[in-house]
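What follows is the content of target-v9.cif (mmCIF, C-alpha atoms).
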```
data_upload
loop_
_atom_site.label_atom_id
_atom_site.label_comp_id
_atom_site.auth_asym_id
_atom_site.auth_seq_id
_atom_site.Cartn_x
_atom_site.Cartn_y
_atom_site.Cartn_z
CA MET A 1 -5.58 15.04 15.05
CA ALA A 2 -4.21 18.29 13.64
CA GLN A 3 -5.12 19.18 10.06
CA ALA A 4 -2.84 21.55 8.16
CA SER A 5 -4.85 24.51 6.91
CA GLY A 6 -4.17 26.13 3.55
CA ALA A 7 -2.61 29.07 5.36
CA ASP A 8 -0.07 26.95 7.23
CA VAL A 9 3.52 27.06 6.09
CA ILE A 10 4.81 23.55 6.46
CA ASP A 11 8.46 23.22 7.35
CA VAL A 12 10.84 20.40 8.09
CA GLY A 13 9.97 18.92 11.45
CA TYR A 14 6.21 19.44 11.06
CA GLU A 15 4.56 16.60 12.94
CA ILE A 16 1.89 14.57 11.16
CA GLY A 17 -0.76 13.02 13.36
CA PRO A 18 -0.85 11.10 15.56
CA LEU A 19 -3.78 8.98 14.58
CA ALA A 20 -4.60 6.57 17.40
CA LEU A 21 -6.79 3.58 16.66
CA THR A 22 -7.48 -0.05 17.41
CA LEU A 23 -8.60 -2.18 14.48
CA SER A 24 -11.28 -4.74 15.18
CA GLY A 25 -11.32 -8.17 13.59
CA ALA A 26 -14.48 -7.23 11.71
CA GLU A 27 -12.85 -4.11 10.26
CA VAL A 28 -9.87 -6.14 9.10
CA LYS A 29 -12.07 -8.74 7.44
CA ARG A 30 -14.14 -6.02 5.77
CA TYR A 31 -11.01 -4.36 4.42
CA ALA A 32 -9.59 -7.67 3.20
CA LEU A 33 -12.78 -8.46 1.31
CA ALA A 34 -12.91 -4.99 -0.25
CA ALA A 35 -9.25 -5.34 -1.23
CA ARG A 36 -9.91 -8.82 -2.64
CA MET A 37 -7.48 -10.45 -0.22
CA PHE A 38 -9.27 -13.67 0.51
CA GLY A 39 -6.58 -15.48 2.52
CA GLY A 40 -7.90 -17.10 5.68
CA ARG A 41 -5.29 -15.27 7.78
CA PHE A 42 -7.20 -12.04 7.15
CA MET A 43 -10.66 -13.43 7.86
CA GLY A 44 -10.52 -14.38 11.52
CA ASP A 45 -8.53 -16.02 14.31
CA GLU A 46 -9.65 -19.55 13.58
CA GLU A 47 -8.88 -19.30 9.87
CA ALA A 48 -5.51 -17.68 10.67
CA ARG A 49 -4.57 -20.49 13.06
CA ARG A 50 -5.32 -23.02 10.33
CA GLU A 51 -2.67 -21.21 8.26
CA GLY A 52 -0.15 -21.31 11.09
CA PHE A 53 -0.60 -17.81 12.51
CA SER A 54 -1.32 -17.10 16.16
CA ALA A 55 -4.29 -14.85 15.36
CA GLN A 56 -5.98 -12.89 12.57
CA VAL A 57 -3.52 -10.76 10.61
CA VAL A 58 -3.92 -7.19 9.36
CA PRO A 59 -3.02 -7.16 5.64
CA GLY A 60 0.04 -5.13 4.73
CA ASN A 61 -2.16 -3.28 2.26
CA MET A 62 -4.36 -2.14 5.14
CA SER A 63 -1.29 -0.71 6.87
CA LEU A 64 -0.47 1.11 3.65
CA SER A 65 -4.00 2.44 3.63
CA LEU A 66 -3.61 3.67 7.23
CA LEU A 67 -0.54 5.64 6.17
CA SER A 68 -2.52 7.11 3.28
CA ARG A 69 -5.34 7.94 5.70
CA LEU A 70 -2.90 9.83 7.93
CA ILE A 71 -1.63 11.87 4.98
CA GLY A 72 -5.14 12.53 3.70
CA ARG A 73 -6.42 13.68 7.09
CA THR A 74 -3.43 15.98 7.66
CA PHE A 75 -3.19 17.45 4.16
CA PRO A 76 -6.75 17.23 2.78
CA ASN A 77 -5.86 19.34 -0.27
CA GLY A 78 -2.61 17.52 -0.90
CA VAL A 79 -2.01 14.94 -3.60
CA LEU A 80 -0.18 11.78 -2.65
CA GLN A 81 2.54 11.25 -5.25
CA ARG A 82 4.37 8.33 -3.70
CA LEU A 83 3.87 6.06 -0.72
CA SER A 84 6.12 3.30 0.49
CA ALA A 85 5.98 1.00 3.46
CA THR A 86 8.12 -1.70 5.00
CA PHE A 87 6.20 -4.26 7.01
CA ARG A 88 8.46 -5.06 9.94
CA ALA A 89 6.16 -7.13 12.11
CA LEU A 90 2.75 -8.75 11.93
CA ILE A 91 -0.13 -6.62 13.16
CA HIS A 92 -3.12 -8.29 14.78
CA PRO A 93 -6.52 -6.71 15.43
CA GLY A 94 -7.42 -5.63 18.94
CA HIS A 95 -4.16 -3.87 19.76
CA ALA A 96 -3.69 -0.12 20.09
CA LEU A 97 -1.86 1.47 17.17
CA VAL A 98 -0.42 4.93 16.69
CA VAL A 99 0.13 6.24 13.17
CA ARG A 100 2.35 9.29 12.96
CA GLY A 101 4.91 11.03 10.82
CA VAL A 102 7.16 13.99 10.35
CA VAL A 103 8.05 16.19 7.39
CA THR A 104 11.70 15.62 6.52
CA GLU A 105 12.10 17.76 3.38
CA VAL A 106 10.18 20.61 1.77
CA HIS A 107 10.69 21.43 -1.90
CA ARG A 108 9.25 24.82 -2.84
CA THR A 109 8.04 24.83 -6.45
CA ASP A 110 5.92 27.14 -8.61
CA HIS A 111 3.17 24.55 -8.42
CA GLY A 112 3.18 24.36 -4.62
CA ASP A 113 5.33 22.67 -2.03
CA VAL A 114 6.29 19.03 -2.23
CA LEU A 115 6.70 17.43 1.17
CA GLU A 116 8.82 14.38 1.91
CA CYS A 117 7.58 12.60 5.01
CA ASP A 118 8.72 9.78 7.25
CA LEU A 119 5.84 7.68 8.54
CA VAL A 120 5.46 4.97 11.15
CA ILE A 121 2.83 2.71 12.66
CA GLU A 122 3.73 1.88 16.25
CA SER A 123 2.23 -0.48 18.76
CA GLY A 124 0.94 0.91 22.05
CA ASP A 125 4.32 0.22 23.61
CA GLY A 126 6.26 1.97 20.88
CA GLU A 127 7.36 -0.96 18.72
CA ARG A 128 7.78 0.14 15.09
CA LEU A 129 5.55 -2.24 13.19
CA VAL A 130 5.51 -0.45 9.85
CA THR A 131 7.83 2.27 8.60
CA GLY A 132 7.26 4.27 5.48
CA THR A 133 7.77 7.40 3.48
CA ALA A 134 5.51 9.60 1.40
CA SER A 135 5.76 12.46 -1.07
CA VAL A 136 2.86 14.89 -1.00
CA GLN A 137 2.18 17.72 -3.44
CA LEU A 138 0.46 20.67 -1.81
CA PRO A 139 -1.49 23.23 -3.86
CA PRO A 140 0.10 26.65 -4.36
CA ALA A 141 -0.52 29.02 -1.45
CA GLY A 142 -3.26 31.60 -1.91
CA MET B 143 19.52 -19.95 0.94
CA LYS B 144 21.08 -20.16 -2.52
CA MET B 145 18.98 -18.69 -5.28
CA GLU B 146 19.69 -19.44 -8.87
CA VAL B 147 17.49 -17.12 -10.85
CA ASP B 148 17.59 -17.05 -14.61
CA PRO B 149 18.69 -13.45 -15.34
CA ALA B 150 16.36 -13.45 -18.34
CA LEU B 151 13.42 -13.40 -15.92
CA ILE B 152 14.36 -9.94 -14.65
CA GLY B 153 12.37 -7.34 -16.52
CA GLN B 154 10.35 -9.87 -18.49
CA GLU B 155 6.59 -9.34 -18.43
CA TYR B 156 4.92 -12.37 -16.86
CA ASP B 157 1.39 -11.04 -16.56
CA HIS B 158 -0.72 -8.62 -18.56
CA THR B 159 -4.30 -8.29 -17.39
CA THR B 160 -7.03 -5.90 -18.46
CA PHE B 161 -9.78 -5.70 -15.87
CA ALA B 162 -13.51 -5.12 -16.16
CA PRO B 163 -14.48 -1.45 -15.86
CA VAL B 164 -14.17 -0.11 -12.30
CA THR B 165 -17.62 0.33 -10.81
CA GLU B 166 -18.88 3.00 -8.46
CA ALA B 167 -19.88 0.20 -6.07
CA GLU B 168 -16.31 -1.13 -5.93
CA ILE B 169 -14.93 2.32 -5.12
CA ARG B 170 -17.58 2.93 -2.47
CA GLU B 171 -16.92 -0.47 -0.91
CA TYR B 172 -13.20 0.35 -0.69
CA VAL B 173 -13.89 3.86 0.67
CA GLU B 174 -16.07 2.45 3.43
CA ALA B 175 -13.81 -0.46 4.31
CA SER B 176 -10.57 1.52 4.33
CA ASN B 177 -11.84 4.80 5.78
CA GLU B 178 -8.96 6.31 3.85
CA ILE B 179 -11.17 9.20 2.78
CA PRO B 180 -13.84 10.21 5.32
CA ALA B 181 -17.25 9.28 3.89
CA SER B 182 -18.37 12.86 4.53
CA GLU B 183 -15.67 14.13 2.14
CA VAL B 184 -16.44 11.83 -0.73
CA ASP B 185 -17.37 13.90 -3.78
CA VAL B 186 -20.54 12.27 -5.09
CA GLU B 187 -20.39 14.31 -8.32
CA ASP B 188 -16.80 13.34 -9.10
CA LEU B 189 -16.12 10.10 -7.28
CA ILE B 190 -12.48 9.11 -7.22
CA ALA B 191 -10.95 6.08 -5.58
CA PRO B 192 -8.64 6.42 -2.57
CA PRO B 193 -4.98 6.21 -3.57
CA THR B 194 -4.43 2.65 -2.34
CA PHE B 195 -7.43 1.31 -4.30
CA VAL B 196 -4.90 0.06 -6.87
CA VAL B 197 -3.57 -2.61 -4.49
CA ARG B 198 -6.79 -4.58 -4.94
CA LEU B 199 -5.96 -5.38 -8.55
CA ARG B 200 -5.07 -9.03 -9.00
CA GLY B 201 -3.60 -10.18 -12.27
CA ARG B 202 -3.96 -13.70 -13.57
CA ARG B 203 -0.47 -14.70 -12.40
CA PHE B 204 1.04 -13.50 -9.15
CA MET B 205 4.52 -14.86 -9.87
CA PRO B 206 6.34 -15.71 -13.07
CA GLY B 207 6.88 -19.29 -14.08
CA GLY B 208 10.43 -20.57 -13.83
CA MET B 209 11.19 -19.00 -10.46
CA PRO B 210 13.16 -21.27 -8.12
CA ARG B 211 11.53 -22.30 -4.88
CA MET B 212 12.67 -19.73 -2.33
CA GLY B 213 12.15 -20.96 1.20
CA ARG B 214 9.08 -22.37 2.87
CA THR B 215 7.12 -19.24 3.67
CA GLY B 216 6.52 -16.02 1.75
CA PHE B 217 5.60 -12.69 3.32
CA ASP B 218 4.60 -9.31 1.97
CA ALA B 219 7.61 -7.30 3.13
CA GLY B 220 6.58 -3.95 1.75
CA LYS B 221 5.31 -1.82 -1.08
CA ASP B 222 6.37 1.30 -2.89
CA ILE B 223 3.73 3.02 -5.01
CA GLU B 224 4.11 5.98 -7.32
CA PHE B 225 0.73 7.41 -8.14
CA GLY B 226 -0.37 8.85 -11.45
CA VAL B 227 -3.89 9.88 -12.37
CA PRO B 228 -6.69 8.88 -9.98
CA VAL B 229 -9.11 6.02 -10.63
CA ARG B 230 -12.72 6.88 -11.48
CA PRO B 231 -15.81 4.76 -12.14
CA GLY B 232 -15.78 3.37 -15.66
CA ASP B 233 -12.00 3.27 -15.93
CA VAL B 234 -10.65 0.19 -17.65
CA LEU B 235 -7.36 -0.62 -15.95
CA THR B 236 -4.56 -2.73 -17.33
CA ALA B 237 -1.79 -4.13 -15.15
CA SER B 238 1.53 -5.27 -16.54
CA SER B 239 3.80 -7.16 -14.13
CA THR B 240 7.52 -7.88 -14.28
CA VAL B 241 10.16 -9.20 -11.93
CA HIS B 242 12.04 -6.04 -11.04
CA ASP B 243 14.71 -7.44 -8.74
CA VAL B 244 15.78 -10.57 -6.87
CA TYR B 245 18.33 -10.54 -4.07
CA GLU B 246 19.38 -12.23 -0.84
CA LYS B 247 20.07 -10.86 2.62
CA THR B 248 21.36 -12.41 5.78
CA GLY B 249 19.96 -11.07 9.01
CA ARG B 250 19.76 -12.08 12.65
CA SER B 251 17.13 -14.68 11.82
CA GLY B 252 19.16 -16.22 9.00
CA SER B 253 19.16 -15.94 5.27
CA MET B 254 16.23 -14.45 3.38
CA ALA B 255 15.41 -14.13 -0.29
CA PHE B 256 13.60 -11.11 -1.69
CA ILE B 257 11.79 -10.69 -4.95
CA VAL B 258 10.47 -7.31 -6.09
CA LEU B 259 7.48 -7.57 -8.43
CA ARG B 260 6.72 -4.39 -10.37
CA THR B 261 3.20 -3.77 -11.64
CA VAL B 262 2.48 -0.82 -13.90
CA VAL B 263 -1.19 0.14 -14.00
CA THR B 264 -2.57 2.24 -16.84
CA ASN B 265 -6.08 3.30 -17.78
CA GLN B 266 -8.01 3.23 -21.04
CA ARG B 267 -6.41 6.53 -22.08
CA ASP B 268 -2.96 4.99 -21.60
CA GLN B 269 -2.36 7.29 -18.64
CA LEU B 270 -0.19 5.99 -15.82
CA VAL B 271 -2.32 5.21 -12.77
CA ALA B 272 0.35 3.68 -10.55
CA THR B 273 3.65 1.88 -10.47
CA ILE B 274 3.60 -0.64 -7.65
CA ASP B 275 6.72 -2.36 -6.40
CA GLN B 276 5.81 -5.24 -4.13
CA LYS B 277 8.61 -6.78 -2.12
CA MET B 278 8.09 -10.42 -1.17
CA MET B 279 10.35 -12.04 1.41
CA PHE B 280 10.98 -15.78 1.60
CA ARG B 281 12.70 -17.69 4.37
#
```
Rendering of file as structure tokens:
Amino acid sequence: MAQASGADVIDVGYEIGPLALTLSGAEVKRYALAARMFGGRFMGDEEARREGFSAQVVPGNMSLSLLSRLIGRTFPNGVLQRLSATFRALIHPGHALVVRGVVTEVHRTDHGDVLECDLVIESGDGERLVTGTASVQLPPAG
Amino acid sequence: MKMEVDPALIGQEYDHTTFAPVTEAEIREYVEASNEIPASEVDVEDLIAPPTFVVRLRGRRFMPGGMPRMGRTGFDAGKDIEFGVPVRPGDVLTASSTVHDVYEKTGRSGSMAFIVLRTVVTNQRDQLVATIDQKMMFR
């Protein structure tokens, strides 16, 4: 995955990612415990079925964290000012995901550029599971 | 789905929780579980929590009393977080929650009710850590 270097000038249309990954059930459970989300749906397939789901569910907060991971990996010196996400469909472990984004606005300021970004988590076949936006403050050039 | 929400509930604080000091272990657990910051890039001298660490805060009450029953099933439909200062070990965080908005929508799958819960998180220096809008959907 490409990482923007300090020397890069980021413009509208700059592509963020992609970050390709497949979450395992164990990773999801570990995240849920760390995030203090103790619902059975996050713990495993059997517990999720008892709550009426077809399989273990990835918490929305974990999707939010994936979007933050994408921003952090792409702009390691940037500061995340705002992050929003709309959870459009349930995500289950074991399926390929692609996390990507694009810069939609650049605001040049004396304190560095502020980037507005559109973000998405897609399934392997391109279904938009989570959509989001982020504002990222970059440090001043030089 | 007809909602009859007491307008007085909007904007009224329904939870105010001050948490135990954030520990280094809690931050490390979240770093490792989320992989939001690569472990190799964690600054051991100045450990700060990944941005979404704040979503793990749970107040005493998730919803205000007096809300009408809104459908059979509730889902987390989304979040919008504005970040302030980062969280460090030893920080004492306080979360104040209000009902920010309630509205209905009709989509292809029928009528849905939404409630937006706003939680403002501050630290022991009264600095803003995050404003979290959580949108819950009921159908």
**Asked** Please, which residues are within 12 Å of (9.4, -0.5, -0.8) by the file's coordinates, counting only C-alpha atoms, and could they come as a count of residues only?
**Response** 35
**Request:** Up to 10 Å from (-5.8, -2.9, -1.4) in the file's coordinates: name the residues, counting all atoms listed in the file, as an NGL selection string.
**Result:** (:A and (31-37 or 59-65)) or (:B and (172 or 176 or 192-200))
**Asked** Could you write out as a ChimeraX atom specification the residues that the PyMOL selection byres ((chain B and resi 271) around 7) matches in the shown file?
**Response** /B:225-228,263-265,269-270,272
Distance query Asp110 (chain A) at most 12 Å, all atoms listed in the file, self and fewer than 4 positions along chain excluded, as a PDB file with C-alpha atoms, keeping the file's coordinate frame:
```pdb
ATOM      1  CA  VAL A 114       6.290  19.030  -2.230  1.00  0.00           C
ATOM      2  CA  GLN A 137       2.180  17.720  -3.440  1.00  0.00           C
ATOM      3  CA  LEU A 138       0.460  20.670  -1.810  1.00  0.00           C
ATOM      4  CA  PRO A 139      -1.490  23.230  -3.860  1.00  0.00           C
ATOM      5  CA  PRO A 140       0.100  26.650  -4.360  1.00  0.00           C
ATOM      6  CA  ALA A 141      -0.520  29.020  -1.450  1.00  0.00           C
TER       7      ALA A 141
END
```
**Message:** Using Å and a single decimal, report how far CA of Leu21 (chain A) sits from CA of Ala167 (chain B).
**Reply:**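 Separation of CA of Ala167 (chain B) and CA of Leu21 (chain A): 26.4 Å.
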**Message:** Given only C-alpha atoms as the basis, pick out the residue of A:Gly17, A:Gly40, A:Pro76, A:Gly94 nearest to Leu119 (chain A).
**Reply:**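 Once distances to Leu119 (chain A) are computed over only C-alpha atoms, the minimum belongs to A:Gly17.
When CA of Ala89 (chain A) is paired with CA of Ala2 (chain A), their separation reads 27.5 Å.
Using the PyMOL selection byres ((chain A and resi 98) around 6) on this structure selects Leu19, Ala20, Leu97, Val99, Ile121 and Glu122 of chain A.
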**Request:** Can you turn the PyMOL selection byres ((chain B and resi 239) around 8) into a concrete residue list for this file, as a list in words?
**Result:**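 Applying the PyMOL selection byres ((chain B and resi 239) around 8) to the structure shown produces Glu155, Tyr156, Asp157, His158, Ala237, Ser238, Thr240, Val241, Leu259, Arg260, Thr261 and Val262 of chain B.
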Region 242-260 of chain B, all listed atoms, 4 Å padding on each side: what axis-aligned box centre and edge lengths in Å to one decimal come out, as JSON?
```
{"center_x": 14.0, "center_y": -10.3, "center_z": 0.8, "size_x": 22.6, "size_y": 19.8, "size_z": 31.7}
```
**Request:** Mind giving me the straight-line distance from CA of Val57 (chain A) to CA of Pro206 (chain B) in Å, one decimal?
**Result:**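 If I compute the distance from CA of Val57 (chain A) to CA of Pro206 (chain B), I get 26.1 Å.
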**Prompt:** Which residue out of A:Val106, A:Val28, A:Ala55, A:Met1 has the minimum interatomic distance to chain B when only C-alpha atoms are used?
**Reply:**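 Result for the nearest residue to chain B: A:Val28.
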**Request:** Have a look at B:Thr160, B:Gln154, B:Glu174, B:Arg202 and name the one nearest to chain A; count all atoms listed in the file.
**Result:**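 Among the listed residues, B:Glu174 lies closest to chain A.
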